[in-house]
file my_file-v6.csv (CSV, C-alpha atoms)
chain,number,residue,atom,x,y,z
A,1214,MET,CA,25.8,26.9,11.6
A,1215,ILE,CA,24.9,24.0,9.3
A,1216,LYS,CA,21.2,24.6,8.2
A,1217,TYR,CA,18.7,22.1,7.0
A,1218,ALA,CA,15.6,22.9,5.0
A,1219,PRO,CA,12.3,21.8,6.5
A,1220,GLY,CA,11.5,20.2,3.1
A,1221,TRP,CA,14.5,18.0,3.2
A,1222,LEU,CA,13.7,16.9,6.7
A,1223,ARG,CA,10.1,16.1,5.8
A,1224,LEU,CA,11.3,14.2,2.7
A,1225,ARG,CA,13.6,11.9,4.8
A,1226,GLU,CA,11.2,11.4,7.8
A,1227,ASP,CA,9.7,8.1,6.6
A,1228,ALA,CA,13.1,6.6,5.7
A,1229,ASP,CA,14.4,7.7,9.1
A,1230,ALA,CA,11.5,6.1,10.8
A,1231,ALA,CA,11.9,2.8,8.9
A,1232,ALA,CA,15.7,2.8,9.6
A,1233,ARG,CA,15.9,3.5,13.4
A,1234,SER,CA,16.7,0.5,15.5
A,1235,THR,CA,13.6,-0.8,17.4
A,1236,GLU,CA,15.8,-3.2,19.4
A,1237,LEU,CA,17.2,-0.3,21.4
A,1238,VAL,CA,13.8,0.9,22.4
A,1239,GLU,CA,13.1,-1.8,25.0
A,1240,PRO,CA,16.2,-1.1,27.1
A,1241,VAL,CA,15.1,2.6,27.0
A,1242,ARG,CA,11.6,1.6,28.3
A,1243,ALA,CA,13.2,-0.5,31.0
A,1244,PHE,CA,15.4,2.4,32.2
A,1245,LEU,CA,12.4,4.8,32.2
A,1246,ARG,CA,10.0,2.4,33.9
A,1247,GLY,CA,8.5,3.7,37.2
A,1248,GLN,CA,9.2,7.4,36.6
A,1249,ASP,CA,6.2,9.6,37.2
A,1250,GLU,CA,7.1,11.9,34.3
A,1251,VAL,CA,9.7,11.2,31.7
A,1252,VAL,CA,11.7,14.2,30.7
A,1253,ILE,CA,13.3,13.9,27.2
A,1254,ARG,CA,15.7,16.4,25.7
A,1255,ASP,CA,15.9,16.1,21.9
A,1256,LEU,CA,19.1,17.7,20.7
A,1257,GLY,CA,19.2,19.2,17.2
A,1258,CYS,CA,15.5,18.4,16.8
A,1259,GLY,CA,14.9,19.7,13.3
A,1260,THR,CA,11.2,19.5,12.7
A,1261,GLY,CA,10.7,17.1,15.6
A,1262,SER,CA,10.6,13.8,13.7
A,1263,LEU,CA,12.4,11.8,16.4
A,1264,GLY,CA,9.7,12.8,18.9
A,1265,ARG,CA,7.0,11.7,16.6
A,1266,TRP,CA,8.7,8.3,16.2
A,1267,LEU,CA,9.8,7.7,19.8
A,1268,ALA,CA,7.0,9.2,22.0
A,1269,ARG,CA,4.4,6.6,20.8
A,1270,ARG,CA,6.9,3.8,21.6
A,1271,LEU,CA,7.4,4.8,25.2
A,1272,PRO,CA,4.9,4.6,28.1
A,1273,GLY,CA,4.0,7.2,30.7
A,1274,ARG,CA,3.6,10.9,30.8
A,1275,GLN,CA,6.3,12.6,28.8
A,1276,ARG,CA,7.7,16.1,28.6
A,1277,TRP,CA,9.8,16.7,25.5
A,1278,ILE,CA,12.2,19.7,25.3
A,1279,LEU,CA,13.3,20.3,21.8
A,1280,TYR,CA,16.6,22.1,21.1
A,1281,ASP,CA,17.8,23.6,17.9
A,1282,ARG,CA,19.8,26.7,16.8
A,1283,ASP,CA,17.4,27.3,13.9
A,1284,PRO,CA,14.3,29.2,15.0
A,1285,GLU,CA,12.5,28.2,11.7
A,1286,LEU,CA,12.9,24.5,12.5
A,1287,LEU,CA,11.7,25.0,16.1
A,1288,THR,CA,8.6,26.7,14.8
A,1289,HIS,CA,7.8,23.7,12.6
A,1290,ALA,CA,8.5,21.3,15.5
A,1291,LEU,CA,6.1,23.1,17.8
A,1292,ALA,CA,3.3,23.3,15.3
A,1293,ARG,CA,0.2,21.4,16.4
A,1294,THR,CA,0.3,18.9,13.6
A,1295,SER,CA,4.0,18.2,14.2
A,1296,ARG,CA,3.9,17.4,17.9
A,1297,PRO,CA,3.7,13.8,19.1
A,1298,GLU,CA,0.2,13.0,20.1
A,1299,HIS,CA,0.5,10.5,23.0
A,1300,ALA,CA,2.5,7.8,24.6
A,1301,VAL,CA,2.1,4.1,23.8
A,1302,ASP,CA,-0.3,3.8,26.7
A,1303,GLY,CA,-2.2,6.9,25.9
A,1304,SER,CA,-0.5,9.1,28.4
A,1305,GLU,CA,-0.1,12.8,27.8
A,1306,VAL,CA,2.9,14.1,25.8
A,1307,THR,CA,3.8,17.8,26.1
A,1308,VAL,CA,6.4,19.7,24.0
A,1309,ALA,CA,8.4,22.8,24.6
A,1310,THR,CA,11.3,24.3,22.5
A,1311,GLU,CA,14.5,26.1,23.3
A,1312,GLN,CA,16.8,27.8,20.8
A,1313,ARG,CA,20.3,26.9,22.0
A,1314,ASP,CA,23.7,25.6,21.0
A,1315,ILE,CA,23.6,22.1,22.3
A,1316,THR,CA,27.4,21.9,22.4
A,1317,GLU,CA,27.3,24.2,25.5
A,1318,LEU,CA,25.0,21.9,27.5
A,1319,ARG,CA,26.5,20.8,30.9
A,1320,ALA,CA,25.3,18.4,33.6
A,1321,GLU,CA,23.5,21.1,35.5
A,1322,ASP,CA,21.4,21.8,32.4
A,1323,LEU,CA,20.4,18.2,32.3
A,1324,ALA,CA,19.3,17.9,35.9
A,1325,GLY,CA,16.0,15.9,36.1
A,1326,THR,CA,16.4,14.6,32.6
A,1327,SER,CA,15.4,11.0,31.9
A,1328,LEU,CA,16.6,10.6,28.4
A,1329,VAL,CA,18.8,12.7,26.0
A,1330,ALA,CA,18.0,11.8,22.4
A,1331,ALA,CA,19.2,13.0,19.0
A,1332,SER,CA,18.9,12.0,15.4
A,1333,ALA,CA,21.6,12.5,12.7
A,1334,LEU,CA,23.6,14.7,15.0
A,1335,LEU,CA,26.9,13.0,16.1
A,1336,ASP,CA,28.7,13.4,12.8
A,1337,LEU,CA,28.4,17.2,13.1
A,1338,LEU,CA,30.2,17.3,16.4
A,1339,THR,CA,33.9,17.5,17.2
A,1340,ALA,CA,35.6,14.9,19.5
A,1341,GLU,CA,35.9,17.6,22.2
A,1342,GLU,CA,32.2,18.6,21.9
A,1343,LEU,CA,31.1,14.9,22.0
A,1344,SER,CA,33.2,14.2,25.0
A,1345,ARG,CA,31.8,17.1,26.9
A,1346,LEU,CA,28.3,16.1,26.0
A,1347,ALA,CA,28.9,12.5,27.1
A,1348,GLU,CA,30.4,13.6,30.4
A,1349,ALA,CA,27.4,15.8,31.1
A,1350,CYS,CA,24.9,13.0,30.4
A,1351,VAL,CA,26.7,10.5,32.6
A,1352,GLU,CA,27.1,13.0,35.4
A,1353,ALA,CA,23.4,13.9,35.2
A,1354,GLY,CA,22.5,10.2,35.3
A,1355,CYS,CA,20.3,10.2,32.2
A,1356,ALA,CA,20.1,7.6,29.4
A,1357,VAL,CA,21.2,8.6,25.9
A,1358,LEU,CA,19.8,7.4,22.5
A,1359,PHE,CA,21.6,8.8,19.5
A,1360,THR,CA,20.0,7.6,16.2
A,1361,LEU,CA,21.0,7.6,12.5
A,1362,SER,CA,24.7,8.6,12.8
A,1363,VAL,CA,26.4,8.1,9.4
A,1364,SER,CA,28.9,5.3,9.2
A,1365,GLY,CA,30.4,6.1,5.9
A,1366,ARG,CA,29.3,3.0,4.0
A,1367,VAL,CA,27.1,3.3,0.9
A,1368,VAL,CA,26.1,0.4,-1.4
A,1369,LEU,CA,24.5,1.2,-4.7
A,1370,SER,CA,22.8,-1.3,-7.0
A,1371,PRO,CA,23.8,-1.6,-9.8
A,1372,LYS,CA,27.4,-1.0,-8.8
A,1373,ASP,CA,29.9,1.2,-10.6
A,1374,LYS,CA,33.6,1.6,-10.2
A,1375,PHE,CA,33.2,5.3,-9.5
A,1376,ASP,CA,31.0,4.6,-6.4
A,1377,ILE,CA,34.1,4.1,-4.2
A,1378,GLU,CA,35.8,7.4,-5.3
A,1379,ILE,CA,32.7,9.4,-4.6
A,1380,SER,CA,32.1,7.6,-1.3
A,1381,ASP,CA,35.7,8.2,-0.1
A,1382,ALA,CA,35.6,11.8,-1.1
A,1383,PHE,CA,32.2,12.3,0.7
A,1384,ASN,CA,33.6,10.7,3.9
A,1385,ALA,CA,36.6,13.0,3.8
A,1386,HIS,CA,34.1,15.9,3.4
A,1387,GLN,CA,32.2,14.7,6.5
A,1388,ARG,CA,35.5,14.8,8.4
A,1389,ARG,CA,36.3,18.3,7.2
A,1390,VAL,CA,37.4,21.3,9.3
A,1391,THR,CA,34.8,24.1,9.3
A,1392,ASP,CA,35.0,27.3,11.2
A,1393,GLY,CA,38.0,25.8,13.1
A,1394,ARG,CA,36.0,22.7,14.1
A,1395,TRP,CA,37.2,19.2,13.0
A,1396,LEU,CA,34.0,17.3,12.5
A,1397,LEU,CA,33.8,13.6,13.4
A,1398,GLY,CA,31.8,12.5,10.4
A,1399,PRO,CA,31.6,8.7,10.1
A,1400,ASP,CA,33.9,8.2,13.0
A,1401,ALA,CA,31.4,9.6,15.5
A,1402,VAL,CA,29.8,6.4,16.7
A,1403,ASP,CA,33.1,4.8,17.4
A,1404,VAL,CA,34.3,7.8,19.3
A,1405,ALA,CA,31.0,8.1,21.3
A,1406,PHE,CA,31.1,4.3,22.1
A,1407,GLY,CA,34.7,4.7,23.4
A,1408,VAL,CA,33.9,7.8,25.5
A,1409,PHE,CA,30.9,6.3,27.2
A,1410,GLU,CA,32.8,3.0,27.9
A,1411,ARG,CA,35.6,5.0,29.5
A,1412,LEU,CA,33.1,6.8,31.7
A,1413,GLY,CA,31.8,3.4,33.0
A,1414,ALA,CA,28.5,3.4,31.2
A,1415,THR,CA,26.7,0.5,29.5
A,1416,VAL,CA,26.7,1.1,25.8
A,1417,ARG,CA,25.0,-0.7,22.9
A,1418,ARG,CA,24.9,0.0,19.2
A,1419,ALA,CA,22.8,-1.2,16.3
A,1420,PRO,CA,22.6,-0.7,12.6
A,1421,SER,CA,20.0,1.6,11.2
A,1422,PRO,CA,20.4,1.7,7.4
A,1423,TRP,CA,18.4,3.6,4.9
A,1424,ARG,CA,17.2,1.2,2.2
A,1425,LEU,CA,16.0,3.2,-0.7
A,1426,GLY,CA,14.4,1.9,-3.9
A,1427,ALA,CA,12.0,2.9,-6.6
A,1428,ASP,CA,9.3,3.9,-4.1
A,1429,GLN,CA,11.6,6.5,-2.5
A,1430,ALA,CA,12.9,8.0,-5.8
A,1431,ALA,CA,12.5,11.7,-4.7
A,1432,LEU,CA,14.5,11.1,-1.5
A,1433,THR,CA,17.1,9.0,-3.4
A,1434,ALA,CA,17.6,11.7,-6.0
A,1435,GLN,CA,18.0,14.5,-3.4
A,1436,TRP,CA,20.4,12.4,-1.3
A,1437,LEU,CA,22.4,11.3,-4.4
A,1438,THR,CA,22.8,14.9,-5.6
A,1439,GLY,CA,24.0,16.1,-2.2
A,1440,TRP,CA,26.3,13.1,-1.8
A,1441,VAL,CA,28.0,13.7,-5.2
A,1442,ASN,CA,28.2,17.5,-4.7
A,1443,ALA,CA,29.9,17.1,-1.3
A,1444,ALA,CA,32.4,14.7,-2.8
A,1445,CYS,CA,33.3,17.0,-5.6
A,1446,GLU,CA,33.5,20.0,-3.2
A,1447,GLN,CA,36.1,18.0,-1.2
A,1448,ARG,CA,37.9,16.8,-4.4
A,1449,PRO,CA,37.4,19.3,-7.2
A,1450,GLU,CA,39.3,17.1,-9.6
A,1451,LEU,CA,36.3,14.7,-9.5
A,1452,ALA,CA,33.8,17.3,-10.8
A,1453,ALA,CA,33.9,16.5,-14.5
A,1454,ASP,CA,33.4,12.8,-14.1
A,1455,GLY,CA,31.1,13.5,-11.1
A,1456,ASP,CA,28.7,15.5,-13.2
A,1457,ALA,CA,28.3,12.7,-15.8
A,1458,TYR,CA,28.1,10.1,-13.0
A,1459,SER,CA,25.4,12.1,-11.3
A,1460,ARG,CA,23.3,12.5,-14.5
A,1461,TRP,CA,23.5,8.8,-15.1
A,1462,ARG,CA,22.6,7.8,-11.6
A,1463,LEU,CA,19.7,10.3,-11.5
A,1464,ALA,CA,18.4,8.8,-14.8
A,1465,GLN,CA,18.5,5.4,-13.2
A,1466,CYS,CA,16.6,6.8,-10.2
A,1467,ALA,CA,13.9,8.3,-12.4
A,1468,ALA,CA,13.5,5.0,-14.1
A,1469,GLY,CA,13.1,3.1,-10.8
A,1470,GLU,CA,16.4,1.2,-11.5
A,1471,LEU,CA,18.5,2.4,-8.6
A,1472,ASN,CA,18.7,1.0,-5.1
A,1473,ALA,CA,20.8,2.4,-2.4
A,1474,MET,CA,21.7,1.3,1.1
A,1475,ILE,CA,23.1,4.1,3.2
A,1476,GLN,CA,24.5,2.8,6.5
A,1477,HIS,CA,23.8,4.5,9.8
A,1478,GLU,CA,24.2,3.4,13.4
A,1479,ASP,CA,22.1,3.9,16.6
A,1480,LEU,CA,23.8,4.1,20.0
A,1481,LEU,CA,22.2,3.6,23.4
A,1482,MET,CA,23.9,4.5,26.7
A,1483,VAL,CA,22.5,3.6,30.1
A,1484,PRO,CA,24.4,4.9,33.1
A,1485,SER,CA,25.6,2.2,35.5

call {"tool": "encode", "arguments": {"input": "my_file-v6.csv", "output": "structure tokens"}}
result
Amino acid sequence: MIKYAPGWLRLREDADAAARSTELVEPVRAFLRGQDEVVIRDLGCGTGSLGRWLARRLPGRQRWILYDRDPELLTHALARTSRPEHAVDGSEVTVATEQRDITELRAEDLAGTSLVAASALLDLLTAEELSRLAEACVEAGCAVLFTLSVSGRVVLSPKDKFDIEISDAFNAHQRRVTDGRWLLGPDAVDVAFGVFERLGATVRRAPSPWRLGADQAALTAQWLTGWVNAACEQRPELAADGDAYSRWRLAQCAAGELNAMIQHEDLLMVPS
């Protein structure tokens, strides 16, 4: 199981909120309009940041069910100060949690669900797992909003010729085989789009890039360190140059001289 520290998730929450596509929220509202109670299942919820962002943008009474395999993250997500307070029209929002492997969800588990949502999840799935999840959502008749899926494109300013090598190695790491599972990595949105289209659903996608500058130096430094480390893990021959590159980039970051755009995509599916 890939584990994420609560501190990392808190550090990235503001950047996530700024990046998510607001243009996909209106079609979600239109799909949910008229429902007495909106049931939303948040897959791989982490500390619940997606709920805190989305609940206040949707009208009506909402019941959120948060799924994660990490009990520590579920405890954080259920804390009183972490739960979303209310819907956009002031309606009540309730939250429950469930420790579960979301790759095992089937249509019967989603019965009565209005919306399946997730953030930064798709790249961690295999093609088979994604297909099963898509089929379950379409069969259950619920909408789907997957946000902040990595696309594999990073632009740093100022540029350096080593950026491309690190980026390519990182993307290969995202597509790695782990515990017998071949992760989709930056191919996930393309695969999801194709699966939903084949199932006859209406699908839309929108860019949701992180734009990091001097005011997000702590997040930029932690992201950069993980980005370079993963690249060097994938291609150990990069380690010597990667160490020097990382020190140089971190010095730029500390001086407020580094800007980064890390591309993600959001995807919305509405059943026909």

call {"tool": "residues_around", "arguments": {"input": "my_file-v6.csv", "residues": "Ser1327 of chain A", "least_positions_apart": "6", "cutoff": "8 Å", "atoms": "only C-alpha atoms", "output": "list of chain:residue names"}}
result
A:Leu1245, A:Val1251, A:Val1252, A:Ile1253, A:Gly1354, A:Cys1355, A:Ala1356

call {"tool": "atom_distance", "arguments": {"input": "my_file-v6.csv", "atom1": "atom CA of Pro1422 of chain A", "atom2": "atom CA of Phe1244 of chain A"}}
result
25.3 Å

call {"tool": "atom_distance", "arguments": {"input": "my_file-v6.csv", "atom1": "atom CA of Leu1425 of chain A", "atom2": "atom CA of Asp1381 of chain A"}}
result
20.3 Å

call {"tool": "closest_residue", "arguments": {"input": "my_file-v6.csv", "among": "A:Val1308, A:Ala1419, A:Leu1334, A:Val1301", "to": "Gly1257 of chain A", "atoms": "all atoms listed in the file"}}
result
A:Leu1334

call {"tool": "residues_around", "arguments": {"input": "my_file-v6.csv", "residues": "segment 1438-1451 of chain A", "least_positions_apart": "4", "cutoff": "6 Å", "atoms": "only C-alpha atoms", "output": "list in words"}}
result
Ile1379, Ala1382, Phe1383, His1386 and Gly1455 of chain A

call {"tool": "closest_residue", "arguments": {"input": "my_file-v6.csv", "among": "A:Gly1413, A:Pro1297, A:Pro1371, A:Pro1484", "to": "Gly1264 of chain A", "atoms": "only C-alpha atoms"}}
result
A:Pro1297

call {"tool": "atom_distance", "arguments": {"input": "my_file-v6.csv", "atom1": "atom CA of Arg1270 of chain A", "atom2": "atom CA of His1289 of chain A"}}
result
21.9 Å

call {"tool": "residues_around", "arguments": {"input": "my_file-v6.csv", "residues": "Thr1307 of chain A", "least_positions_apart": "4", "cutoff": "7 Å", "atoms": "only C-alpha atoms", "output": "PyMOL selection string"}}
result
chain A and resi 1275-1277

call {"tool": "closest_residue", "arguments": {"input": "my_file-v6.csv", "among": "A:Leu1287, A:Ala1324, A:Ala1401, A:Ala1430", "to": "Thr1360 of chain A", "atoms": "only C-alpha atoms"}}
result
A:Ala1401

call {"tool": "closest_residue", "arguments": {"input": "my_file-v6.csv", "among": "A:Glu1311, A:Glu1317, A:Val1306, A:Glu1352", "to": "Thr1288 of chain A", "atoms": "only C-alpha atoms"}}
result
A:Glu1311

call {"tool": "residues_near_point", "arguments": {"input": "my_file-v6.csv", "point": "(17.0, 21.9, 5.3)", "cutoff": "12 Å", "atoms": "only C-alpha atoms", "output": "PyMOL selection string"}}
result
chain A and resi 1214-1225+1259-1260+1283+1285-1286+1289+1435+1439

call {"tool": "residues_around", "arguments": {"input": "my_file-v6.csv", "residues": "Arg1246 of chain A", "least_positions_apart": "5", "cutoff": "10 Å", "atoms": "all atoms listed in the file", "output": "PyMOL selection string"}}
result
chain A and resi 1240-1241+1251+1271-1273

call {"tool": "write_last_selection", "arguments": {"input": "my_file-v6.csv", "atoms": "C-alpha atoms", "output": "CSV table (one decimal), in the coordinates of the input"}}
result
chain,number,residue,atom,x,y,z
A,1240,PRO,CA,16.2,-1.1,27.1
A,1241,VAL,CA,15.1,2.6,27.0
A,1251,VAL,CA,9.7,11.2,31.7
A,1271,LEU,CA,7.4,4.8,25.2
A,1272,PRO,CA,4.9,4.6,28.1
A,1273,GLY,CA,4.0,7.2,30.7

call {"tool": "closest_residue", "arguments": {"input": "my_file-v6.csv", "among": "A:Ala1385, A:Ala1230, A:Ala1473, A:Leu1337", "to": "Val1368 of chain A", "atoms": "only C-alpha atoms"}}
result
A:Ala1473

call {"tool": "closest_residue", "arguments": {"input": "my_file-v6.csv", "among": "A:Arg1389, A:Arg1411, A:Arg1345, A:Arg1265", "to": "Ser1332 of chain A", "atoms": "only C-alpha atoms"}}
result
A:Arg1265

call {"tool": "residues_near_point", "arguments": {"input": "my_file-v6.csv", "point": "(17.0, 4.3, 13.4)", "cutoff": "9 Å", "atoms": "only C-alpha atoms", "output": "ChimeraX atom specification"}}
result
/A:1228-1235,1332,1359-1362,1419-1423,1477-1479

call {"tool": "build_atoms", "arguments": {"input": "my_file-v6.csv", "residues": "segment 1393-1404 of chain A", "atoms": "N, CA and C atoms", "output": "PDB file, in the coordinates of the input"}}
result
ATOM      1  N   GLY A1393      37.020  26.246  12.062  1.00  0.00           N
ATOM      2  CA  GLY A1393      38.000  25.800  13.100  1.00  0.00           C
ATOM      3  C   GLY A1393      37.553  24.567  13.849  1.00  0.00           C
ATOM      4  N   ARG A1394      36.472  23.908  13.435  1.00  0.00           N
ATOM      5  CA  ARG A1394      36.000  22.700  14.100  1.00  0.00           C
ATOM      6  C   ARG A1394      36.245  21.498  13.194  1.00  0.00           C
ATOM      7  N   TRP A1395      36.874  20.467  13.740  1.00  0.00           N
ATOM      8  CA  TRP A1395      37.200  19.200  13.000  1.00  0.00           C
ATOM      9  C   TRP A1395      36.056  18.247  13.259  1.00  0.00           C
ATOM     10  N   LEU A1396      35.161  18.103  12.281  1.00  0.00           N
ATOM     11  CA  LEU A1396      34.000  17.300  12.500  1.00  0.00           C
ATOM     12  C   LEU A1396      34.336  15.795  12.488  1.00  0.00           C
ATOM     13  N   LEU A1397      33.587  15.041  13.282  1.00  0.00           N
ATOM     14  CA  LEU A1397      33.800  13.600  13.400  1.00  0.00           C
ATOM     15  C   LEU A1397      33.363  12.814  12.205  1.00  0.00           C
ATOM     16  N   GLY A1398      32.293  13.264  11.562  1.00  0.00           N
ATOM     17  CA  GLY A1398      31.800  12.500  10.400  1.00  0.00           C
ATOM     18  C   GLY A1398      31.499  11.084  10.732  1.00  0.00           C
ATOM     19  N   PRO A1399      31.896  10.151   9.851  1.00  0.00           N
ATOM     20  CA  PRO A1399      31.600   8.700  10.100  1.00  0.00           C
ATOM     21  C   PRO A1399      32.314   8.060  11.205  1.00  0.00           C
ATOM     22  N   ASP A1400      33.221   8.776  11.859  1.00  0.00           N
ATOM     23  CA  ASP A1400      33.900   8.200  13.000  1.00  0.00           C
ATOM     24  C   ASP A1400      33.157   8.437  14.328  1.00  0.00           C
ATOM     25  N   ALA A1401      32.032   9.149  14.249  1.00  0.00           N
ATOM     26  CA  ALA A1401      31.400   9.600  15.500  1.00  0.00           C
ATOM     27  C   ALA A1401      30.893   8.523  16.391  1.00  0.00           C
ATOM     28  N   VAL A1402      30.296   7.468  15.850  1.00  0.00           N
ATOM     29  CA  VAL A1402      29.800   6.400  16.700  1.00  0.00           C
ATOM     30  C   VAL A1402      30.900   5.684  17.432  1.00  0.00           C
ATOM     31  N   ASP A1403      31.984   5.404  16.726  1.00  0.00           N
ATOM     32  CA  ASP A1403      33.100   4.800  17.400  1.00  0.00           C
ATOM     33  C   ASP A1403      33.668   5.626  18.512  1.00  0.00           C
ATOM     34  N   VAL A1404      33.773   6.917  18.264  1.00  0.00           N
ATOM     35  CA  VAL A1404      34.300   7.800  19.300  1.00  0.00           C
ATOM     36  C   VAL A1404      33.312   7.867  20.477  1.00  0.00           C
TER      37      VAL A1404
END
